[in-house]
Structure formats: C-alpha cells, structure tokens
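Below is one structure, written out as structure tokens, with a few remarks after it.
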Amino acid sequence: MFFVSHDDFLYTQPIMQIQKVEELSKNKEVDTFQNVDHSYVQKLSGVITNGKHKGEHITLNNTYTDSKAMDKKYKVGQKAFVVLHGQGESTIKDAKRDTPVVFLIYLAIALMFIFLKMAGITAIGSIIINTILFMVALYFDGFNNGSNVLWIFSILAVLFSAITLWLVIGWNRQMFVTLGSTVACTFLSILISLIVFRFTHEKGIFYESMQYVTQPPRPLFLAETIIGSLGAVMDESTDIISSLFALKMECPDVSKKQLFLSGRNIGKSIMGPLINVLFFIFMGETLSMTLLFLKNGNSWGYSFSMNMSLGMVQSLISGIGIVLAVPVASGLTSFFAEKRRK
C-alpha cells in the first residue's frame, strides 16, 4: 500500500497532488423535463508529482454536479491526472484510483487466505488462469473481427468449467460428473432459447440496445449469455453433486432412486435463490440507464425495451439452465455413484 501510494513515477501522464480547494460558484440547472441539478466550480491548487514538470505548482478549475454522473468533486490530499496545455493552463482529467483498487484486491485475497486456506489458493489460481484465457479469447475475437465469437466463447466456457472444477474439486469422478452437468445444462439452455427464437422470430429482442458494438450483436449476445449463466449452473451442479457424493460415501447402500430424489430436493432449495441472483445482476447492470431514460421523458415500455429487455431474456435463459441442472446433476450422480459402488 505504501508503494502504490508513492508510485507516481510509473505514470507518463502528469499527476497533481491537490493542496488547496476553493468553491467559486454554484448554479441551479433545470432541463425541459424539470430535472433539477446543481453545478459547482472549484478552484484547485496543487503540485505536479511526476515527470519533467515535477515540483511545479499549478492552479485550475473543476466543474462538478450533485449527480456526479460525468464529473467528480475533489478534496485536499487527493491525486488526479491532469493535462498541461502550456502557458500556465491545465485541465483535470480523472482521479488516481490505483490505491483503493489495490487495497480491495489485497483485502479480498487476504480474506480468502485466512478463511479458506488451500481452497482460497486454488480459487485465486483459477481466477488468474481464467482471466488470462478470457484475454486470449478477446484477442482471437478481435483478430477474426467477431466472425467466430460464438465458437470462441463456447470453447472458452468449456475451458472455464474444466479448469475451475479441476482446481477446486480435483481430478476425480466427481469433477467429471460436475463438468458434464455444467456444460450440458448450459448449452441445452442455449439450444432451447434458439428454438424459441426461431418460432417467435425474435420479437421483443432489441439487439440495437447493445451500445458501442462494432460486430454482429446476435452472436455476441449469445456469447454473453453463455458466460453469464455458466457460473450459476456450475454453482448449482457443484452443490448438488458434492452433497450426493458425500451422501453416497456415508450411506453406501442408498439406491439410485433415493440419490436422485435427494438431489432433486437439494436443487429445489437452491434453485430459487440462484435464479433471483442472476435476475438481480442482469437488472442491476441496466438500472442507471433505465432511470436516465425515464427521467428524460421516455415511456416505461420504451425504457424497458432499450435497457432491460436483453437482461430479462438472459435471466430467463439462465433460469432454464438452472432448472435443467437439477435433474441432470441428480441423474448423472445417481448413475455414476452407483456404478462406483459396484
């Protein structure tokens, strides 16, 4: 933390240490939809802490609003990136945030080491490996101009599942059963959704709401859905299968039917929360833009269609995968666990 707090020399862009802040003015702003906001002008004084201008004192103005949607209020002691235009004029660009980011990363890793011991180490390893694989997939997607995005991320989903389960569970029968259930349920849910799309001609799905997309949006949407639902399906499959394997170890004489019914009961208890978690994630991502649409005079229907409809579809597809995971995971475990006992 001490190093990150004093790493300004690593940056090529000038960094300003704010030493003095003065409030110059306050203005009320009202738009045509009667949205009220206030804008403020700050006078910031500080010193450059890196580069060839290190040690120079500069003064500049910063404008921010109550909403802080596209701006920020600065305080004494903060550091910020600035643009030096020459002749004593400067513009503030953005705050330097590496210190809190590194602190949060350190805190997460430390808690995993403290409470999970070796499991925490394997979890961190899987995250690092999956991040590298994800970056490689993005490279290949850019190299192919998005022409094979669905194939690339489908293969990536299988690799994500295999590596994560191998590191967390180990190379054993339980790992292969969980991998089979995860991959099968994820891609079955996508297949079912494609069949529904075919019969409904994809009415009500507004791909144009995917902003800043420079490649075909439909395969990219399906790739997002595969990666998004994979985690929930894997989580549920792991819970069901690990519980059934433990049950089989404690009670070797339990039958296939009893194992299947036990897995179904476990799935029913965790299926609802998992579906709601995915729903909250997909809807939460679009909340701010939906509110912005509503505050600017758009109807509920149009705001939902342009911001939340794709998230709702992704939630439904992921929900299908979660529901399918209950019988699939229970069935695979009852078959392979019984086979192992024999």
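Chain labels A, B, ... are given in the sequence in which chains occur in the structure tokens; within each chain residues are numbered consecutively from 1, and ligands are likewise numbered from 1 in the order shown.
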
**Request:** Extract, using only C-alpha atoms, all DNA, RNA and protein residues at most 9 Å from Gln19 (chain A), discarding same-chain residues fewer than 6 positions from it, and format them as JSON, numbers by chain.
**Result:** {"A": [44, 45, 46, 47, 75, 76, 77, 78]}

Emit the selected residues as a compact mmCIF listing (two decimals), in the first residue's frame, including all heavy atoms.
# COMPACT_ATOMS: atom_id res chain seq x y z
N LEU A 44 -8.79 24.50 -7.86
CA LEU A 44 -7.87 23.53 -7.28
C LEU A 44 -6.43 24.01 -7.43
O LEU A 44 -6.03 24.43 -8.52
CB LEU A 44 -8.03 22.17 -7.96
CG LEU A 44 -9.44 21.58 -8.02
CD1 LEU A 44 -9.44 20.26 -8.78
CD2 LEU A 44 -10.02 21.39 -6.62
N SER A 45 -5.68 23.94 -6.36
CA SER A 45 -4.27 24.29 -6.38
C SER A 45 -3.46 23.11 -5.88
O SER A 45 -3.85 22.45 -4.91
CB SER A 45 -3.99 25.51 -5.49
OG SER A 45 -4.76 26.63 -5.91
N GLY A 46 -2.35 22.83 -6.57
CA GLY A 46 -1.54 21.69 -6.17
C GLY A 46 -0.21 21.68 -6.87
O GLY A 46 0.18 22.65 -7.53
N VAL A 47 0.49 20.56 -6.76
CA VAL A 47 1.83 20.41 -7.28
C VAL A 47 1.91 19.14 -8.12
O VAL A 47 1.28 18.13 -7.81
CB VAL A 47 2.87 20.39 -6.15
CG1 VAL A 47 2.63 19.21 -5.21
CG2 VAL A 47 4.28 20.38 -6.69
N LYS A 75 -11.04 16.76 -3.29
CA LYS A 75 -10.74 17.24 -1.95
C LYS A 75 -9.23 17.35 -1.76
O LYS A 75 -8.46 16.79 -2.54
CB LYS A 75 -11.33 16.27 -0.91
CG LYS A 75 -12.83 16.10 -1.00
CD LYS A 75 -13.34 15.10 0.03
CE LYS A 75 -14.85 14.90 -0.08
NZ LYS A 75 -15.34 13.89 0.90
N VAL A 76 -8.85 18.04 -0.71
CA VAL A 76 -7.43 18.22 -0.39
C VAL A 76 -6.81 16.86 -0.08
O VAL A 76 -7.37 16.04 0.64
CB VAL A 76 -7.26 19.18 0.80
CG1 VAL A 76 -5.80 19.25 1.22
CG2 VAL A 76 -7.78 20.57 0.45
N GLY A 77 -5.63 16.62 -0.64
CA GLY A 77 -4.92 15.38 -0.43
C GLY A 77 -5.09 14.36 -1.53
O GLY A 77 -4.30 13.42 -1.63
N GLN A 78 -6.11 14.52 -2.37
CA GLN A 78 -6.31 13.59 -3.47
C GLN A 78 -5.31 13.83 -4.59
O GLN A 78 -4.75 14.92 -4.72
CB GLN A 78 -7.74 13.71 -4.02
CG GLN A 78 -8.81 13.12 -3.13
CD GLN A 78 -10.18 13.20 -3.77
OE1 GLN A 78 -10.60 14.25 -4.25
NE2 GLN A 78 -10.89 12.09 -3.77

**Asked** Quick one: DSSP alpha helix (DSSP H) residues in region 4-250 of chain A, as number ranges by chain?
**Response** A: 4-5, 98-116, 118-143, 149-168, 173-200, 217-250

**Asked** From the list A:Leu10, A:Leu167, A:Val102, A:Val41, which residue is nearest Lys26 (chain A) when using only C-alpha atoms?
**Response** A:Val41

**Item:** Within 6 Å of region 237-241 of chain A using only C-alpha atoms, minus same-chain residues under 2 positions, as a list in words
**Value:** Thr178, Met234, Asp235, Ser243, Leu244, Gly263 and Ala329 of chain A

**Prompt:** Of the residues A:Ser303, A:Asp71, A:Gly319, A:Phe260, which is the one nearest to Phe336 (chain A), using only C-alpha atoms?
**Reply:** A:Phe260

**Message:** Env of Lys256 (chain A): 9 Å cut, atoms = only C-alpha atoms, seq-sep filter 2 positions within chain, self excluded. Answer as JSON, numbers by chain.
**Reply:** {"A": [254, 258, 259, 260, 261, 331, 333, 334, 335, 337, 338]}

Could you please take those selected residues and save N, CA, C and O atoms as a tab-separated table (two decimals), in the first residue's frame?
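Final output, saved to selection.tsv:
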chain	number	residue	atom	x	y	z
A	254	VAL	N	-27.47	-46.61	-0.23
A	254	VAL	CA	-28.55	-45.79	-0.76
A	254	VAL	C	-28.73	-46.10	-2.25
A	254	VAL	O	-27.76	-46.29	-2.99
A	258	GLN	N	-33.16	-43.09	-4.55
A	258	GLN	CA	-33.02	-42.24	-3.37
A	258	GLN	C	-32.01	-41.12	-3.61
A	258	GLN	O	-32.21	-39.99	-3.16
A	259	LEU	N	-30.93	-41.44	-4.32
A	259	LEU	CA	-29.95	-40.40	-4.66
A	259	LEU	C	-30.59	-39.34	-5.55
A	259	LEU	O	-30.40	-38.14	-5.34
A	260	PHE	N	-31.33	-39.79	-6.55
A	260	PHE	CA	-31.97	-38.84	-7.47
A	260	PHE	C	-32.96	-37.95	-6.74
A	260	PHE	O	-32.98	-36.72	-6.94
A	261	LEU	N	-33.78	-38.54	-5.87
A	261	LEU	CA	-34.77	-37.75	-5.12
A	261	LEU	C	-34.07	-36.78	-4.16
A	261	LEU	O	-34.53	-35.65	-3.97
A	331	GLY	N	-29.38	-37.02	-11.89
A	331	GLY	CA	-29.34	-38.24	-12.67
A	331	GLY	C	-27.93	-38.74	-12.91
A	331	GLY	O	-27.64	-39.94	-12.76
A	333	THR	N	-25.25	-38.13	-11.16
A	333	THR	CA	-24.64	-38.58	-9.90
A	333	THR	C	-25.18	-39.93	-9.47
A	333	THR	O	-24.42	-40.80	-9.03
A	334	SER	N	-26.49	-40.11	-9.57
A	334	SER	CA	-27.07	-41.40	-9.18
A	334	SER	C	-26.51	-42.54	-10.03
A	334	SER	O	-26.26	-43.63	-9.52
A	335	PHE	N	-26.29	-42.29	-11.30
A	335	PHE	CA	-25.76	-43.33	-12.18
A	335	PHE	C	-24.29	-43.63	-11.88
A	335	PHE	O	-23.91	-44.78	-11.66
A	337	ALA	N	-22.36	-42.63	-9.28
A	337	ALA	CA	-22.07	-43.01	-7.89
A	337	ALA	C	-22.44	-44.45	-7.63
A	337	ALA	O	-21.72	-45.20	-6.97
A	338	GLU	N	-23.58	-44.90	-8.20
A	338	GLU	CA	-23.97	-46.29	-8.06
A	338	GLU	C	-23.00	-47.21	-8.78
A	338	GLU	O	-22.62	-48.27	-8.28

**Item:** Distance query Ala119 (chain A) at most 12 Å, only C-alpha atoms, self and fewer than 2 positions along chain excluded, as number ranges by chain
**Value:** A: 109, 111-117, 121-126, 164-170

Those residues you just picked out, can you put them in a file as a PDB file, in the first residue's frame with N, CA, C and O atoms?
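As a result, again_30.pdb now contains:
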ATOM      1  N   ILE A 109      -7.970 -11.047  -1.330  1.00  0.00           N
ATOM      2  CA  ILE A 109      -7.023 -12.167  -1.306  1.00  0.00           C
ATOM      3  C   ILE A 109      -6.693 -12.560   0.132  1.00  0.00           C
ATOM      4  O   ILE A 109      -6.625 -13.756   0.471  1.00  0.00           O
ATOM      5  N   LEU A 111      -8.540 -12.230   2.838  1.00  0.00           N
ATOM      6  CA  LEU A 111      -9.672 -12.927   3.456  1.00  0.00           C
ATOM      7  C   LEU A 111      -9.787 -14.361   2.941  1.00  0.00           C
ATOM      8  O   LEU A 111     -10.130 -15.281   3.702  1.00  0.00           O
ATOM      9  N   MET A 112      -9.497 -14.557   1.659  1.00  0.00           N
ATOM     10  CA  MET A 112      -9.537 -15.912   1.108  1.00  0.00           C
ATOM     11  C   MET A 112      -8.464 -16.791   1.730  1.00  0.00           C
ATOM     12  O   MET A 112      -8.701 -17.962   2.040  1.00  0.00           O
ATOM     13  N   PHE A 113      -7.265 -16.231   1.946  1.00  0.00           N
ATOM     14  CA  PHE A 113      -6.198 -16.993   2.593  1.00  0.00           C
ATOM     15  C   PHE A 113      -6.557 -17.318   4.043  1.00  0.00           C
ATOM     16  O   PHE A 113      -6.315 -18.425   4.526  1.00  0.00           O
ATOM     17  N   ILE A 114      -7.135 -16.346   4.750  1.00  0.00           N
ATOM     18  CA  ILE A 114      -7.417 -16.530   6.174  1.00  0.00           C
ATOM     19  C   ILE A 114      -8.507 -17.574   6.402  1.00  0.00           C
ATOM     20  O   ILE A 114      -8.371 -18.468   7.235  1.00  0.00           O
ATOM     21  N   PHE A 115      -9.609 -17.465   5.644  1.00  0.00           N
ATOM     22  CA  PHE A 115     -10.767 -18.299   5.937  1.00  0.00           C
ATOM     23  C   PHE A 115     -10.821 -19.589   5.116  1.00  0.00           C
ATOM     24  O   PHE A 115     -11.448 -20.556   5.530  1.00  0.00           O
ATOM     25  N   LEU A 116     -10.198 -19.623   3.934  1.00  0.00           N
ATOM     26  CA  LEU A 116     -10.317 -20.787   3.072  1.00  0.00           C
ATOM     27  C   LEU A 116      -9.045 -21.617   2.984  1.00  0.00           C
ATOM     28  O   LEU A 116      -9.075 -22.712   2.426  1.00  0.00           O
ATOM     29  N   LYS A 117      -7.923 -21.095   3.480  1.00  0.00           N
ATOM     30  CA  LYS A 117      -6.649 -21.811   3.449  1.00  0.00           C
ATOM     31  C   LYS A 117      -6.306 -22.268   2.024  1.00  0.00           C
ATOM     32  O   LYS A 117      -6.254 -21.460   1.106  1.00  0.00           O
ATOM     33  N   ILE A 121      -6.307 -20.561  -2.067  1.00  0.00           N
ATOM     34  CA  ILE A 121      -5.213 -20.509  -3.035  1.00  0.00           C
ATOM     35  C   ILE A 121      -5.665 -21.031  -4.393  1.00  0.00           C
ATOM     36  O   ILE A 121      -5.375 -20.447  -5.443  1.00  0.00           O
ATOM     37  N   THR A 122      -6.369 -22.176  -4.393  1.00  0.00           N
ATOM     38  CA  THR A 122      -6.861 -22.721  -5.662  1.00  0.00           C
ATOM     39  C   THR A 122      -7.877 -21.797  -6.316  1.00  0.00           C
ATOM     40  O   THR A 122      -7.906 -21.675  -7.549  1.00  0.00           O
ATOM     41  N   ALA A 123      -8.702 -21.130  -5.511  1.00  0.00           N
ATOM     42  CA  ALA A 123      -9.675 -20.204  -6.082  1.00  0.00           C
ATOM     43  C   ALA A 123      -8.977 -19.022  -6.755  1.00  0.00           C
ATOM     44  O   ALA A 123      -9.352 -18.602  -7.855  1.00  0.00           O
ATOM     45  N   ILE A 124      -7.944 -18.499  -6.091  1.00  0.00           N
ATOM     46  CA  ILE A 124      -7.175 -17.402  -6.682  1.00  0.00           C
ATOM     47  C   ILE A 124      -6.489 -17.860  -7.964  1.00  0.00           C
ATOM     48  O   ILE A 124      -6.467 -17.146  -8.973  1.00  0.00           O
ATOM     49  N   GLY A 125      -5.935 -19.080  -7.939  1.00  0.00           N
ATOM     50  CA  GLY A 125      -5.295 -19.607  -9.139  1.00  0.00           C
ATOM     51  C   GLY A 125      -6.261 -19.752 -10.297  1.00  0.00           C
ATOM     52  O   GLY A 125      -5.930 -19.421 -11.447  1.00  0.00           O
ATOM     53  N   SER A 126      -7.472 -20.230 -10.015  1.00  0.00           N
ATOM     54  CA  SER A 126      -8.465 -20.372 -11.083  1.00  0.00           C
ATOM     55  C   SER A 126      -8.866 -19.024 -11.647  1.00  0.00           C
ATOM     56  O   SER A 126      -9.071 -18.883 -12.863  1.00  0.00           O
ATOM     57  N   THR A 164     -11.653 -24.602 -13.592  1.00  0.00           N
ATOM     58  CA  THR A 164     -12.156 -24.234 -12.267  1.00  0.00           C
ATOM     59  C   THR A 164     -12.482 -25.464 -11.441  1.00  0.00           C
ATOM     60  O   THR A 164     -12.090 -25.569 -10.265  1.00  0.00           O
ATOM     61  N   LEU A 165     -13.186 -26.421 -12.037  1.00  0.00           N
ATOM     62  CA  LEU A 165     -13.575 -27.621 -11.291  1.00  0.00           C
ATOM     63  C   LEU A 165     -12.357 -28.485 -10.971  1.00  0.00           C
ATOM     64  O   LEU A 165     -12.290 -29.112  -9.903  1.00  0.00           O
ATOM     65  N   TRP A 166     -11.392 -28.540 -11.871  1.00  0.00           N
ATOM     66  CA  TRP A 166     -10.182 -29.315 -11.610  1.00  0.00           C
ATOM     67  C   TRP A 166      -9.413 -28.751 -10.422  1.00  0.00           C
ATOM     68  O   TRP A 166      -8.947 -29.488  -9.549  1.00  0.00           O
ATOM     69  N   LEU A 167      -9.293 -27.419 -10.367  1.00  0.00           N
ATOM     70  CA  LEU A 167      -8.553 -26.796  -9.273  1.00  0.00           C
ATOM     71  C   LEU A 167      -9.314 -26.863  -7.960  1.00  0.00           C
ATOM     72  O   LEU A 167      -8.705 -27.006  -6.888  1.00  0.00           O
ATOM     73  N   VAL A 168     -10.625 -26.749  -8.011  1.00  0.00           N
ATOM     74  CA  VAL A 168     -11.423 -26.703  -6.780  1.00  0.00           C
ATOM     75  C   VAL A 168     -11.735 -28.105  -6.263  1.00  0.00           C
ATOM     76  O   VAL A 168     -11.623 -28.376  -5.056  1.00  0.00           O
ATOM     77  N   ILE A 169     -12.135 -29.029  -7.154  1.00  0.00           N
ATOM     78  CA  ILE A 169     -12.562 -30.369  -6.734  1.00  0.00           C
ATOM     79  C   ILE A 169     -11.434 -31.380  -6.836  1.00  0.00           C
ATOM     80  O   ILE A 169     -11.265 -32.242  -5.973  1.00  0.00           O
ATOM     81  N   GLY A 170     -10.634 -31.278  -7.901  1.00  0.00           N
ATOM     82  CA  GLY A 170      -9.581 -32.251  -8.135  1.00  0.00           C
ATOM     83  C   GLY A 170      -9.908 -33.133  -9.332  1.00  0.00           C
ATOM     84  O   GLY A 170     -11.020 -33.121  -9.865  1.00  0.00           O
TER      85      GLY A 170
END

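Residues with any atom within 12 Å of Arg97 (chain A), counting only C-alpha atoms and excluding same-chain neighbours fewer than 4 positions away, are A:Val4, A:Ser5, A:Asp7, A:Asp8, A:Ile15, A:Gln78, A:Lys79, A:Ala80, A:Phe81, A:Val101, A:Val102, A:Phe103, A:Leu104.
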
Output the selection as a tab-separated table (two decimals), in the first residue's frame - C-alpha atoms for each residue.
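out-v3.tsv written:
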chain	number	residue	atom	x	y	z
A	4	VAL	CA	1.14	2.19	-4.56
A	5	SER	CA	0.62	5.46	-2.70
A	7	ASP	CA	4.11	5.15	-7.48
A	8	ASP	CA	3.53	8.38	-9.41
A	15	ILE	CA	-0.29	13.70	-11.73
A	78	GLN	CA	-6.31	13.59	-3.47
A	79	LYS	CA	-4.29	12.91	-6.59
A	80	ALA	CA	-5.58	13.38	-10.11
A	81	PHE	CA	-4.37	13.08	-13.69
A	101	VAL	CA	-8.27	-0.66	-6.08
A	102	VAL	CA	-5.09	-2.39	-4.90
A	103	PHE	CA	-6.34	-2.25	-1.31
A	104	LEU	CA	-9.60	-4.00	-2.24

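In this structure, CA of Thr91 (chain A) sits 18.4 Å away from CA of Ala69 (chain A).
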
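CA of Gln17 (chain A) lies 10.6 Å from CA of Lys54 (chain A).
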
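When only C-alpha atoms are used to compute distances to Gly272 (chain A), the closest of the residues A:Glu236, A:Asp98, A:Glu208, A:Glu202 turns out to be A:Glu236.
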
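Shortest atom-to-atom contact with Ser330 (chain A) among A:Ser154, A:Ser181, A:Gln314, A:Thr225: A:Ser181, counting only C-alpha atoms.
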
**Message:** Counting only C-alpha atoms, which residue out of A:Ala110, A:Lys52, A:Ile105, A:Pro14 sits closest to Lys93 (chain A)?
**Reply:** A:Pro14

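Considering the residues A:Ser299, A:Asn307, A:Ser189, A:Ser209 and counting only C-alpha atoms, Ile320 (chain A) has its shortest atom-to-atom contact with A:Ser189.
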
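The list of residues with at least one atom within 9 Å of Val323 (chain A), based on only C-alpha atoms and without residues fewer than 4 positions apart in the same chain, reads A:Cys185, A:Val233, A:Gly267, A:Lys268, A:Met271, A:Ile275, A:Ser318, A:Gly319, A:Pro327.
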